[in-house]
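Listing of my_file-v4.cif; format and content: mmCIF, C-alpha atoms.
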data_coords
#
loop_
_atom_site.label_atom_id
_atom_site.label_comp_id
_atom_site.auth_asym_id
_atom_site.auth_seq_id
_atom_site.Cartn_x
_atom_site.Cartn_y
_atom_site.Cartn_z
CA MET O 1 195.96 126.97 9.36
CA LEU O 2 195.87 123.61 11.15
CA ARG O 3 199.60 123.18 10.64
CA LYS O 4 200.26 126.33 12.67
CA LEU O 5 198.30 125.10 15.67
CA PRO O 6 200.34 123.92 18.70
CA LEU O 7 200.37 120.19 19.37
CA TYR O 8 198.10 120.40 22.41
CA ALA O 9 195.43 122.17 20.33
CA LYS O 10 195.63 119.43 17.70
CA ILE O 11 195.27 116.76 20.39
CA LEU O 12 192.21 118.53 21.82
CA ILE O 13 190.72 118.73 18.33
CA GLY O 14 191.43 115.03 17.80
CA MET O 15 189.75 114.25 21.10
CA LEU O 16 186.64 116.30 20.29
CA ILE O 17 186.32 114.84 16.79
CA GLY O 18 186.86 111.36 18.24
CA LEU O 19 184.08 111.85 20.78
CA ALA O 20 181.75 113.30 18.14
CA PHE O 21 182.52 110.48 15.75
CA GLY O 22 182.02 107.92 18.50
CA PHE O 23 178.64 109.47 19.26
CA LEU O 24 177.76 109.23 15.57
CA VAL O 25 178.89 105.60 15.44
CA VAL O 26 176.58 104.70 18.33
CA LEU O 27 173.64 106.56 16.79
CA LEU O 28 174.11 104.83 13.43
CA GLY O 29 174.77 101.45 15.03
CA ILE O 30 178.03 100.86 13.14
CA GLN O 31 180.14 99.80 16.13
CA GLN O 32 181.74 96.99 14.13
CA PHE O 33 183.08 99.52 11.62
CA ALA O 34 184.81 101.43 14.41
CA THR O 35 186.29 98.20 15.76
CA ASP O 36 187.59 97.07 12.38
CA TYR O 37 188.83 100.33 10.86
CA ILE O 38 189.33 102.90 13.65
CA LYS O 39 190.58 100.92 16.63
CA PRO O 40 193.74 99.57 14.88
CA PHE O 41 195.15 103.11 14.61
CA GLY O 42 194.68 103.61 18.34
CA THR O 43 196.47 100.32 18.94
CA ILE O 44 199.36 101.45 16.72
CA PHE O 45 199.70 104.66 18.73
CA LEU O 46 199.77 102.71 21.99
CA ASN O 47 202.37 100.34 20.52
CA LEU O 48 204.55 103.31 19.57
CA LEU O 49 204.43 104.57 23.16
CA LYS O 50 205.25 101.14 24.54
CA LEU O 51 208.00 100.72 21.97
CA ILE O 52 209.92 103.75 23.21
CA ALA O 53 209.31 103.32 26.94
CA MET O 54 212.27 101.04 27.73
CA PRO O 55 214.97 102.83 25.69
CA LEU O 56 213.71 106.23 26.91
CA ILE O 57 214.00 105.44 30.58
CA PHE O 58 217.35 103.67 30.18
CA ALA O 59 219.04 106.39 28.12
CA SER O 60 217.55 109.27 30.14
CA LEU O 61 218.36 107.77 33.53
CA VAL O 62 221.91 106.69 32.66
CA SER O 63 222.57 110.08 31.06
CA GLY O 64 221.28 111.93 34.14
CA VAL O 65 223.09 109.83 36.75
CA GLY O 66 226.26 109.48 34.69
CA GLY O 67 226.40 113.24 34.26
CA LEU O 68 227.21 113.59 37.95
CA SER O 69 230.81 112.60 37.17
CA ASN O 70 231.29 116.00 35.55
CA VAL O 71 231.20 117.45 39.07
CA SER O 72 233.09 114.71 40.92
CA SER O 73 234.32 117.25 43.48
CA LEU O 74 230.70 117.73 44.52
CA SER O 75 229.90 114.06 45.20
CA LYS O 76 228.52 114.95 48.62
CA LEU O 77 226.39 117.61 46.98
CA GLY O 78 225.14 115.03 44.48
CA ILE O 79 224.01 112.62 47.18
CA LYS O 80 222.29 115.42 49.07
CA THR O 81 220.57 116.71 45.94
CA ILE O 82 219.32 113.34 44.73
CA SER O 83 218.16 112.40 48.25
CA LEU O 84 216.08 115.58 48.53
CA TYR O 85 214.59 115.03 45.08
CA ILE O 86 213.61 111.48 45.97
CA VAL O 87 212.08 112.56 49.30
CA THR O 88 209.82 115.16 47.65
CA THR O 89 208.90 112.69 44.92
CA ILE O 90 207.83 110.08 47.48
CA ILE O 91 205.75 112.74 49.24
CA ALA O 92 204.11 113.67 45.91
CA VAL O 93 203.28 110.05 45.02
CA SER O 94 201.92 109.44 48.53
CA ILE O 95 199.67 112.52 48.30
CA GLY O 96 198.41 111.32 44.93
CA LEU O 97 197.62 107.83 46.24
CA VAL O 98 195.83 109.19 49.32
CA LEU O 99 193.75 111.68 47.33
CA VAL O 100 192.68 109.24 44.64
CA SER O 101 191.85 106.62 47.29
CA VAL O 102 189.67 109.11 49.19
CA ILE O 103 188.03 110.92 46.26
CA ARG O 104 187.75 107.80 44.05
CA PRO O 105 187.08 109.52 40.71
CA GLY O 106 186.63 106.17 38.97
CA SER O 107 183.74 105.26 41.28
CA TYR O 108 181.37 107.41 39.22
CA VAL O 109 181.25 104.58 36.69
CA SER O 110 178.46 102.10 37.40
CA GLU O 111 179.21 98.49 38.33
CA ALA O 112 177.42 97.24 35.23
CA LYS O 113 179.59 99.43 33.03
CA ARG O 114 182.74 98.17 34.75
CA VAL O 115 181.75 94.57 34.04
CA GLU O 116 181.08 95.49 30.43
CA LEU O 117 184.48 97.16 30.08
CA LEU O 118 186.23 94.15 31.56
CA GLU O 119 184.48 91.87 29.08
CA LYS O 120 185.34 94.13 26.14
CA TYR O 121 189.03 94.23 27.05
CA SER O 122 189.08 90.47 27.77
CA PHE O 123 190.71 90.52 31.16
CA ASP O 124 191.47 87.16 32.70
CA LEU O 125 190.07 87.59 36.20
CA ALA O 126 190.97 84.05 37.21
CA LYS O 127 194.66 84.74 36.60
CA ARG O 128 194.39 87.97 38.59
CA GLN O 129 192.89 86.11 41.53
CA GLN O 130 195.64 83.49 41.37
CA ALA O 131 198.29 86.22 41.23
CA ALA O 132 196.74 87.96 44.23
CA GLU O 133 196.66 84.70 46.19
CA SER O 134 200.29 83.95 45.36
CA ILE O 135 201.31 87.40 46.59
CA THR O 136 199.81 86.71 50.02
CA HIS O 137 202.15 83.70 50.41
CA GLN O 138 205.27 85.63 49.42
CA SER O 139 207.76 87.29 51.72
CA PRO O 140 206.95 90.94 52.52
CA LEU O 141 210.29 91.77 50.90
CA GLN O 142 209.55 89.91 47.67
CA PHE O 143 209.09 93.20 45.83
CA LEU O 144 212.75 93.97 46.58
CA VAL O 145 213.77 90.62 45.11
CA ASP O 146 211.72 91.36 41.99
CA ILE O 147 213.55 94.66 41.44
CA VAL O 148 216.89 92.91 40.79
CA PRO O 149 216.90 91.09 37.43
CA GLU O 150 218.74 87.81 36.92
CA ASN O 151 218.98 88.56 33.19
CA ILE O 152 218.86 92.16 31.94
CA VAL O 153 218.23 91.09 28.35
CA SER O 154 215.17 89.16 29.44
CA ALA O 155 214.00 92.08 31.59
CA ALA O 156 214.45 94.56 28.74
CA SER O 157 212.38 92.39 26.41
CA SER O 158 209.20 92.97 28.42
CA ASN O 159 207.55 96.26 29.38
CA THR O 160 206.26 94.54 32.51
CA SER O 161 209.85 94.37 33.87
CA MET O 162 210.61 98.07 33.67
CA LEU O 163 211.47 98.27 37.37
CA GLN O 164 214.32 95.88 36.72
CA VAL O 165 215.50 97.98 33.78
CA ILE O 166 215.45 101.07 36.04
CA PHE O 167 217.59 99.22 38.60
CA PHE O 168 220.13 98.26 35.93
CA ALA O 169 220.17 101.81 34.54
CA LEU O 170 220.90 103.20 38.02
CA LEU O 171 223.66 100.64 38.52
CA PHE O 172 225.08 101.45 35.08
CA GLY O 173 225.02 105.19 35.80
CA VAL O 174 226.77 104.78 39.16
CA ALA O 175 229.45 102.64 37.50
CA LEU O 176 230.04 105.42 34.96
CA ILE O 177 230.74 107.78 37.84
CA LEU O 178 233.19 105.43 39.53
CA VAL O 179 235.22 104.53 36.43
CA PRO O 180 237.83 107.16 35.39
CA SER O 181 236.37 109.58 32.84
CA SER O 182 239.12 108.92 30.30
CA LYS O 183 238.07 105.28 30.05
CA VAL O 184 234.33 105.87 29.64
CA ALA O 185 234.28 109.03 27.54
CA VAL O 186 233.14 107.08 24.47
CA VAL O 187 230.38 105.35 26.47
CA LYS O 188 229.13 108.66 27.87
CA ASP O 189 229.11 110.25 24.44
CA PHE O 190 227.18 107.28 23.10
CA ILE O 191 224.63 107.39 25.93
CA ASN O 192 224.16 111.15 25.59
CA GLY O 193 223.75 110.80 21.83
CA LEU O 194 221.35 107.90 22.29
CA ASN O 195 219.33 110.00 24.74
CA GLU O 196 219.03 112.81 22.19
CA VAL O 197 217.92 110.37 19.49
CA ILE O 198 215.32 108.80 21.80
CA LEU O 199 213.95 112.24 22.72
CA LYS O 200 213.63 113.04 19.03
CA ILE O 201 211.72 109.78 18.50
CA VAL O 202 209.38 110.76 21.35
CA GLU O 203 208.84 114.11 19.63
CA LEU O 204 208.02 112.34 16.34
CA ILE O 205 205.62 109.97 18.07
CA MET O 206 203.85 112.85 19.77
CA HIS O 207 203.14 114.34 16.34
CA THR O 208 200.92 111.31 15.72
CA ALA O 209 199.10 111.88 19.02
CA PRO O 210 196.09 113.77 17.51
CA TYR O 211 195.33 110.81 15.25
CA GLY O 212 195.98 108.28 17.97
CA VAL O 213 193.75 110.18 20.40
CA PHE O 214 191.02 110.37 17.76
CA ALA O 215 191.09 106.60 17.26
CA LEU O 216 191.35 105.83 20.98
CA MET O 217 188.55 108.21 21.99
CA THR O 218 186.26 106.97 19.22
CA THR O 219 186.65 103.31 20.13
CA LEU O 220 186.66 103.99 23.87
CA PHE O 221 183.43 105.98 23.57
CA VAL O 222 181.87 103.16 21.58
CA ASP O 223 183.11 100.54 24.03
CA PHE O 224 182.08 102.59 27.06
CA VAL O 225 178.66 103.71 25.89
CA GLY O 226 177.67 100.57 23.98
CA THR O 227 174.12 101.19 22.86
CA ASP O 228 173.29 103.62 25.70
CA VAL O 229 174.23 107.19 24.73
CA GLY O 230 173.24 108.43 28.19
CA ALA O 231 176.10 106.45 29.71
CA SER O 232 178.54 109.02 28.34
CA ALA O 233 177.68 111.31 31.28
CA GLN O 234 179.46 108.85 33.60
CA LEU O 235 182.64 109.14 31.55
CA PHE O 236 182.72 112.94 31.60
CA THR O 237 181.90 113.08 35.31
CA SER O 238 184.72 110.67 36.13
CA LEU O 239 187.17 112.62 33.97
CA GLY O 240 186.21 115.89 35.66
CA VAL O 241 186.69 114.47 39.15
CA TYR O 242 189.96 112.83 38.04
CA ALA O 243 191.31 116.17 36.80
CA ALA O 244 190.18 117.87 40.01
CA THR O 245 191.98 115.21 42.08
CA ILE O 246 195.27 115.88 40.30
CA ILE O 247 194.86 119.65 40.58
CA ILE O 248 194.17 119.38 44.32
CA GLY O 249 197.32 117.28 44.74
CA LEU O 250 199.43 119.76 42.77
CA LEU O 251 198.06 122.64 44.84
CA LEU O 252 198.95 120.79 48.03
CA MET O 253 202.52 120.33 46.81
CA ALA O 254 202.92 123.95 45.68
CA GLY O 255 200.89 125.57 48.45
CA ILE O 256 201.78 123.51 51.52
CA ILE O 257 204.68 121.09 51.05
CA TYR O 258 207.08 123.44 49.26
CA PRO O 259 206.40 126.45 51.54
CA THR O 260 206.90 124.19 54.58
CA PHE O 261 210.26 122.97 53.28
CA LEU O 262 211.32 126.53 52.47
CA ARG O 263 210.30 127.80 55.88
CA LEU O 264 212.01 124.98 57.77
CA PHE O 265 215.25 124.65 55.81
CA VAL O 266 215.79 128.01 54.07
CA GLY O 267 213.86 130.65 55.97
CA ILE O 268 212.37 132.16 52.81
CA ARG O 269 208.75 133.25 52.82
CA TYR O 270 206.71 131.51 50.19
CA LEU O 271 205.47 134.77 48.61
CA GLN O 272 209.04 135.93 48.17
CA PHE O 273 209.97 132.56 46.67
CA TYR O 274 207.05 132.46 44.23
CA ARG O 275 207.60 136.04 43.11
CA ALA O 276 211.19 135.13 42.32
CA ILE O 277 210.41 132.08 40.19
CA PHE O 278 207.12 133.26 38.63
CA PRO O 279 208.71 133.90 35.19
CA ALA O 280 210.05 130.34 35.14
CA GLN O 281 206.63 129.02 36.13
CA LEU O 282 205.03 130.87 33.23
CA VAL O 283 207.51 129.39 30.76
CA ALA O 284 206.99 125.92 32.23
CA PHE O 285 203.21 126.32 31.99
CA SER O 286 203.33 127.41 28.36
CA THR O 287 205.91 124.88 27.13
CA SER O 288 205.14 121.86 29.34
CA SER O 289 208.89 121.26 29.29
CA SER O 290 211.14 121.63 32.32
CA ALA O 291 214.13 121.18 29.97
CA ALA O 292 213.07 124.15 27.84
CA THR O 293 212.44 126.16 31.01
CA LEU O 294 215.88 125.40 32.49
CA PRO O 295 217.66 128.60 31.31
CA VAL O 296 214.91 130.78 32.79
CA THR O 297 214.84 128.74 36.01
CA MET O 298 218.60 129.13 36.46
CA GLU O 299 218.45 132.86 35.83
CA GLN O 300 215.65 133.43 38.35
CA VAL O 301 217.18 131.17 41.00
CA GLU O 302 220.55 132.90 40.74
CA LYS O 303 219.38 136.51 40.43
CA GLU O 304 216.26 136.51 42.60
CA LEU O 305 216.92 133.74 45.14
CA HIS O 306 220.67 134.44 45.23
CA VAL O 307 221.74 130.82 44.77
CA PRO O 308 225.36 130.75 43.50
CA ASN O 309 225.99 129.42 40.00
CA GLU O 310 228.12 126.53 41.28
CA ILE O 311 225.02 125.22 43.06
CA SER O 312 222.32 126.08 40.50
CA SER O 313 224.33 124.76 37.53
CA PHE O 314 224.53 121.39 39.28
CA VAL O 315 221.22 121.01 41.07
CA LEU O 316 218.84 122.35 38.41
CA PRO O 317 220.01 120.30 35.38
CA ILE O 318 219.89 117.14 37.50
CA GLY O 319 216.39 118.16 38.59
CA VAL O 320 215.19 118.27 34.99
CA THR O 321 215.71 114.49 34.85
CA ILE O 322 215.36 113.37 38.45
CA ASN O 323 212.80 115.71 40.05
CA MET O 324 209.31 115.15 38.68
CA ASP O 325 207.02 115.73 41.67
CA GLY O 326 204.04 116.83 39.59
CA THR O 327 204.51 114.03 37.08
CA SER O 328 204.86 111.31 39.72
CA LEU O 329 201.75 112.56 41.56
CA TYR O 330 199.82 112.44 38.30
CA GLN O 331 201.06 108.91 37.54
CA ALA O 332 199.85 107.67 40.93
CA VAL O 333 196.40 109.22 40.50
CA ALA O 334 196.06 108.09 36.88
CA THR O 335 197.03 104.50 37.68
CA VAL O 336 194.49 104.08 40.49
CA PHE O 337 191.85 105.95 38.44
CA ILE O 338 192.25 103.55 35.50
CA ALA O 339 192.06 100.60 37.88
CA GLU O 340 188.82 101.97 39.39
CA VAL O 341 187.22 102.55 35.98
CA PHE O 342 187.94 98.96 35.00
CA GLY O 343 186.72 97.69 38.35
CA ILE O 344 190.09 96.27 39.43
CA GLU O 345 190.82 96.32 43.16
CA LEU O 346 194.47 97.06 43.89
CA THR O 347 196.14 95.27 46.79
CA LEU O 348 198.39 96.95 49.34
CA VAL O 349 201.39 95.35 47.61
CA GLN O 350 200.28 96.79 44.28
CA LEU O 351 199.89 100.26 45.82
CA LEU O 352 203.41 99.93 47.22
CA THR O 353 204.59 98.90 43.75
CA ILE O 354 202.97 102.03 42.31
CA LEU O 355 204.76 104.14 44.92
CA ILE O 356 208.17 102.66 44.08
CA THR O 357 207.68 102.51 40.31
CA ALA O 358 206.27 106.03 40.02
CA THR O 359 209.15 107.37 42.09
CA LEU O 360 211.83 105.59 40.06
CA ALA O 361 210.10 106.22 36.72
CA SER O 362 209.98 109.92 37.47
CA ILE O 363 213.76 109.83 37.95
CA GLY O 364 214.17 108.71 34.38
CA SER O 365 211.39 110.81 32.91
CA ALA O 366 212.64 113.24 30.29
CA GLY O 367 211.78 116.90 30.77
CA VAL O 368 209.87 117.16 27.50
CA PRO O 369 206.13 117.22 26.66
CA GLY O 370 204.61 113.76 26.36
CA ALA O 371 207.31 111.87 28.30
CA GLY O 372 205.02 111.55 31.34
CA ILE O 373 202.54 109.50 29.31
CA VAL O 374 205.31 107.12 28.29
CA MET O 375 206.39 106.76 31.91
CA LEU O 376 202.79 106.10 32.92
CA ILE O 377 202.86 102.97 30.78
CA ILE O 378 205.67 101.67 32.98
CA VAL O 379 203.59 102.22 36.11
CA LEU O 380 200.50 100.61 34.53
CA ASN O 381 202.50 97.57 33.47
CA SER O 382 204.05 97.24 36.91
CA VAL O 383 200.64 96.38 38.39
CA GLY O 384 199.15 94.69 35.32
CA LEU O 385 196.66 97.39 34.32
CA PRO O 386 195.47 97.91 30.72
CA VAL O 387 197.37 100.52 28.74
CA GLU O 388 194.14 101.02 26.79
CA GLY O 389 193.03 103.01 29.82
CA LEU O 390 195.35 105.78 28.61
CA ALA O 391 192.60 106.72 26.18
CA LEU O 392 190.57 107.93 29.15
CA ILE O 393 193.11 110.54 30.19
CA LEU O 394 195.00 111.49 27.02
CA ALA O 395 192.32 113.96 25.99
CA ILE O 396 192.82 116.17 29.05
CA ASP O 397 196.49 115.39 29.56
CA ARG O 398 197.85 118.57 27.97
CA PRO O 399 196.37 121.12 30.42
CA LEU O 400 197.30 118.83 33.32
CA ASP O 401 200.79 118.48 31.83
CA MET O 402 201.14 122.26 31.86
CA LEU O 403 200.24 122.35 35.56
CA ARG O 404 202.43 119.46 36.65
CA THR O 405 205.43 120.83 34.73
CA THR O 406 204.98 124.09 36.63
CA VAL O 407 205.14 122.12 39.87
CA ASN O 408 208.22 120.22 38.63
CA VAL O 409 210.09 123.47 37.97
CA THR O 410 208.98 124.92 41.30
CA GLY O 411 210.36 121.86 43.07
CA ASP O 412 213.69 122.22 41.26
CA ALA O 413 214.04 125.82 42.46
CA MET O 414 213.09 124.87 46.01
CA ILE O 415 215.68 122.09 46.20
CA ALA O 416 218.36 124.41 44.79
CA SER O 417 217.61 126.89 47.58
CA ILE O 418 217.72 124.21 50.27
CA VAL O 419 221.02 122.76 49.01
CA ALA O 420 222.61 126.21 48.78
CA LYS O 421 221.49 126.99 52.34
CA SER O 422 222.78 123.67 53.68
CA GLU O 423 226.15 124.32 52.05
CA GLY O 424 226.29 127.80 53.57
CA LYS O 425 226.36 129.39 50.12
CA LEU O 426 222.98 131.09 49.95
CA ARG O 427 223.82 134.76 49.60
CA ALA O 428 221.95 137.26 51.76
CA ASN O 429 219.10 139.08 50.03
#

As structure tokens, please, write out the structure in this file.
Amino acid sequence: MLRKLPLYAKILIGMLIGLAFGFLVVLLGIQQFATDYIKPFGTIFLNLLKLIAMPLIFASLVSGVGGLSNVSSLSKLGIKTISLYIVTTIIAVSIGLVLVSVIRPGSYVSEAKRVELLEKYSFDLAKRQQAAESITHQSPLQFLVDIVPENIVSAASSNTSMLQVIFFALLFGVALILVPSSKVAVVKDFINGLNEVILKIVELIMHTAPYGVFALMTTLFVDFVGTDVGASAQLFTSLGVYAATIIIGLLLMAGIIYPTFLRLFVGIRYLQFYRAIFPAQLVAFSTSSSAATLPVTMEQVEKELHVPNEISSFVLPIGVTINMDGTSLYQAVATVFIAEVFGIELTLVQLLTILITATLASIGSAGVPGAGIVMLIIVLNSVGLPVEGLALILAIDRPLDMLRTTVNVTGDAMIASIVAKSEGKLRAN
């Protein structure tokens, strides 16, 4: 019976059992047992996610950008499409950062508990202070210098240099477009094949998620609660407010930003638009995969929104890889939330780094369930936050993933409509 359950149900079960077991560990006073025999499995799961992060973003991003060469006659369309996707992504990340900074879901954790968490995860505060001081003496454009690697092999060897890997992947993809197709056909086939293999590895890793979540939630509960069972209320309150923050942000994107864009650039009423793409939204919600939803999205955009196939067949597949508004908003909120829980104050430069990294990471994020978590590791590493904090949000990630994928697909359809209108090819209703 358990084998027939969908993955998200198994993850929820793993989370619940992990919390229950953590509660039992605290009651019995066997915290050392959890540390010695449960925590290692959580660490292995985190290592698997970190292991695949660099190859996933490289293969996915190069495959997506390099695929533009298949429509070389629409190079102007490609620039327009990618620019619009990036604009909406920046808006989504900015909304996420503003909301989480105002609502502060991590603030529901007491100061004493933050200090305890920092001690348990052995953070070197002195090094953080030195790093913060060194940043104040750097040029305001130093973050641009840090994006360009002097050695790609060195950058690829560390998950903390993912922004540099993203830059190289973009450069590599653009070069694939510029070189004649006959000379790079083998390279493109290799990259596309590599991308498929990496996605399959992600799928395999996600099958271990229930066990990883169990181990992470057990040890996190033990570390968080310590000997005070009543402290668990802080954790659940913070998680609830965190989820609400993301949902508010997604509603703002779907209910205000997208309708505004449609009204200004297309002239379509938002009710008409949402009625047209509702079937695609349902598929996206149930599968948490914009890639799996693509056929339905294309059908609805072409038949109901009257976008010609030459536009939809170009814009929508690119959107599966490049446009991740919901995912990037979630990454921004999750990153600041984890920082708040651990009592780490983020500087303005670090917030700017989150904005850039979340935007670029979303470009390379695969349109499959679980890929957003992998991309979140990149954002966490970019500002030096603990990946162990993922344990806080993995338990409720699936329902949020369903919602943010729905927003991703909605954004794809909106951009397709805008591009078709700008090209004068949006057929009259």

Closest to Ala420 in chain O among O:Leu77, O:Val383, O:Ala254, O:Ala276, using all atoms listed in the file?
O:Leu77

Explicit residue set for the PyMOL selection byres ((chain O and resi 82-96) around 8), as a PDB file with C-alpha atoms, in the frame of the given file:
ATOM      1  CA  GLY O  78     225.140 115.030  44.480  1.00  0.00           C
ATOM      2  CA  ILE O  79     224.010 112.620  47.180  1.00  0.00           C
ATOM      3  CA  LYS O  80     222.290 115.420  49.070  1.00  0.00           C
ATOM      4  CA  THR O  81     220.570 116.710  45.940  1.00  0.00           C
ATOM      5  CA  LEU O  97     197.620 107.830  46.240  1.00  0.00           C
ATOM      6  CA  VAL O  98     195.830 109.190  49.320  1.00  0.00           C
ATOM      7  CA  LEU O  99     193.750 111.680  47.330  1.00  0.00           C
ATOM      8  CA  VAL O 100     192.680 109.240  44.640  1.00  0.00           C
ATOM      9  CA  ILE O 246     195.270 115.880  40.300  1.00  0.00           C
ATOM     10  CA  GLY O 249     197.320 117.280  44.740  1.00  0.00           C
ATOM     11  CA  MET O 253     202.520 120.330  46.810  1.00  0.00           C
ATOM     12  CA  GLY O 319     216.390 118.160  38.590  1.00  0.00           C
ATOM     13  CA  ILE O 322     215.360 113.370  38.450  1.00  0.00           C
ATOM     14  CA  ASN O 323     212.800 115.710  40.050  1.00  0.00           C
ATOM     15  CA  MET O 324     209.310 115.150  38.680  1.00  0.00           C
ATOM     16  CA  ASP O 325     207.020 115.730  41.670  1.00  0.00           C
ATOM     17  CA  GLY O 326     204.040 116.830  39.590  1.00  0.00           C
ATOM     18  CA  SER O 328     204.860 111.310  39.720  1.00  0.00           C
ATOM     19  CA  LEU O 329     201.750 112.560  41.560  1.00  0.00           C
ATOM     20  CA  TYR O 330     199.820 112.440  38.300  1.00  0.00           C
ATOM     21  CA  GLN O 331     201.060 108.910  37.540  1.00  0.00           C
ATOM     22  CA  ALA O 332     199.850 107.670  40.930  1.00  0.00           C
ATOM     23  CA  VAL O 333     196.400 109.220  40.500  1.00  0.00           C
ATOM     24  CA  LEU O 355     204.760 104.140  44.920  1.00  0.00           C
ATOM     25  CA  ALA O 358     206.270 106.030  40.020  1.00  0.00           C
ATOM     26  CA  THR O 359     209.150 107.370  42.090  1.00  0.00           C
ATOM     27  CA  ILE O 415     215.680 122.090  46.200  1.00  0.00           C
TER      28      ILE O 415
END

Identify which of the residues O:Tyr242, O:Phe172, O:Phe221, O:Phe45 lies closest to Val25 in chain O, counting only C-alpha atoms when measuring atom-to-atom distances.
O:Phe221

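The interatomic distance for the pair CA of Val349 in chain O and CA of Ser382 in chain O works out to 11.2 Å.
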
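Using all atoms listed in the file, the smallest distance between any of O:Ser313, O:Gly66, O:Arg269, O:Leu305 and Ala185 in chain O comes from O:Gly66.
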
Would you kindly translate the PyMOL selection byres ((chain O and resi 409) around 10) into the concrete residues it picks from this file, as a PyMOL selection string?
chain O and resi 277+280-281+283-285+289-291+293-294+297+316+319-320+323-326+367+404-408+410-414

Quick one: everything within 9 Å of Gly14 in chain O, counting all atoms listed in the file, minus sequence neighbours fewer than 2 positions away in the same chain. Send it as number ranges by chain.
O: 9-12, 16-19, 209-215, 217, 395

Generate the output file for the selected residues, C-alpha atoms, as a CSV table (one decimal), keeping the file's coordinate frame.
chain,number,residue,atom,x,y,z
O,9,ALA,CA,195.4,122.2,20.3
O,10,LYS,CA,195.6,119.4,17.7
O,11,ILE,CA,195.3,116.8,20.4
O,12,LEU,CA,192.2,118.5,21.8
O,16,LEU,CA,186.6,116.3,20.3
O,17,ILE,CA,186.3,114.8,16.8
O,18,GLY,CA,186.9,111.4,18.2
O,19,LEU,CA,184.1,111.8,20.8
O,209,ALA,CA,199.1,111.9,19.0
O,210,PRO,CA,196.1,113.8,17.5
O,211,TYR,CA,195.3,110.8,15.2
O,212,GLY,CA,196.0,108.3,18.0
O,213,VAL,CA,193.8,110.2,20.4
O,214,PHE,CA,191.0,110.4,17.8
O,215,ALA,CA,191.1,106.6,17.3
O,217,MET,CA,188.6,108.2,22.0
O,395,ALA,CA,192.3,114.0,26.0

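Between CA of Ser154 in chain O and CA of Pro40 in chain O the interatomic distance comes to 27.9 Å.
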
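The gap separating CA of Leu282 in chain O from CA of Val296 in chain O is 9.9 Å, in Å to one decimal.
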
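With all atoms listed in the file as the atoms that count, the residue of O:Gln300, O:Ser422, O:Ser157, O:Thr43 with the shortest distance to Phe273 in chain O is O:Gln300.
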
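Of the residues under consideration (O:Ile256, O:Leu239, O:Val222, O:Ile198), O:Val222 shows the shortest atom-to-atom contact distance to Ala20 in chain O when counting all atoms listed in the file.
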
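The neighbours of Ile247 in chain O here are the residues that come within 9 Å of it, using only C-alpha atoms and leaving out any residue fewer than 3 positions away in the same chain; they are Tyr242, Ala243, Ala244, Leu250, Leu251, Leu252, Leu400, Leu403 and Arg404 of chain O.
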
Fewer than 6 positions away in the same chain doesn't count, so skip those; otherwise give me all residues within 6 Å of range 106-108 of chain O, counting only C-alpha atoms, as a PDB file with C-alpha atoms, in the frame of the given file.
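File written: result33.pdb
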ATOM      1  CA  SER O 238     184.720 110.670  36.130  1.00  0.00           C
ATOM      2  CA  PHE O 337     191.850 105.950  38.440  1.00  0.00           C
ATOM      3  CA  GLU O 340     188.820 101.970  39.390  1.00  0.00           C
ATOM      4  CA  VAL O 341     187.220 102.550  35.980  1.00  0.00           C
TER       5      VAL O 341
END
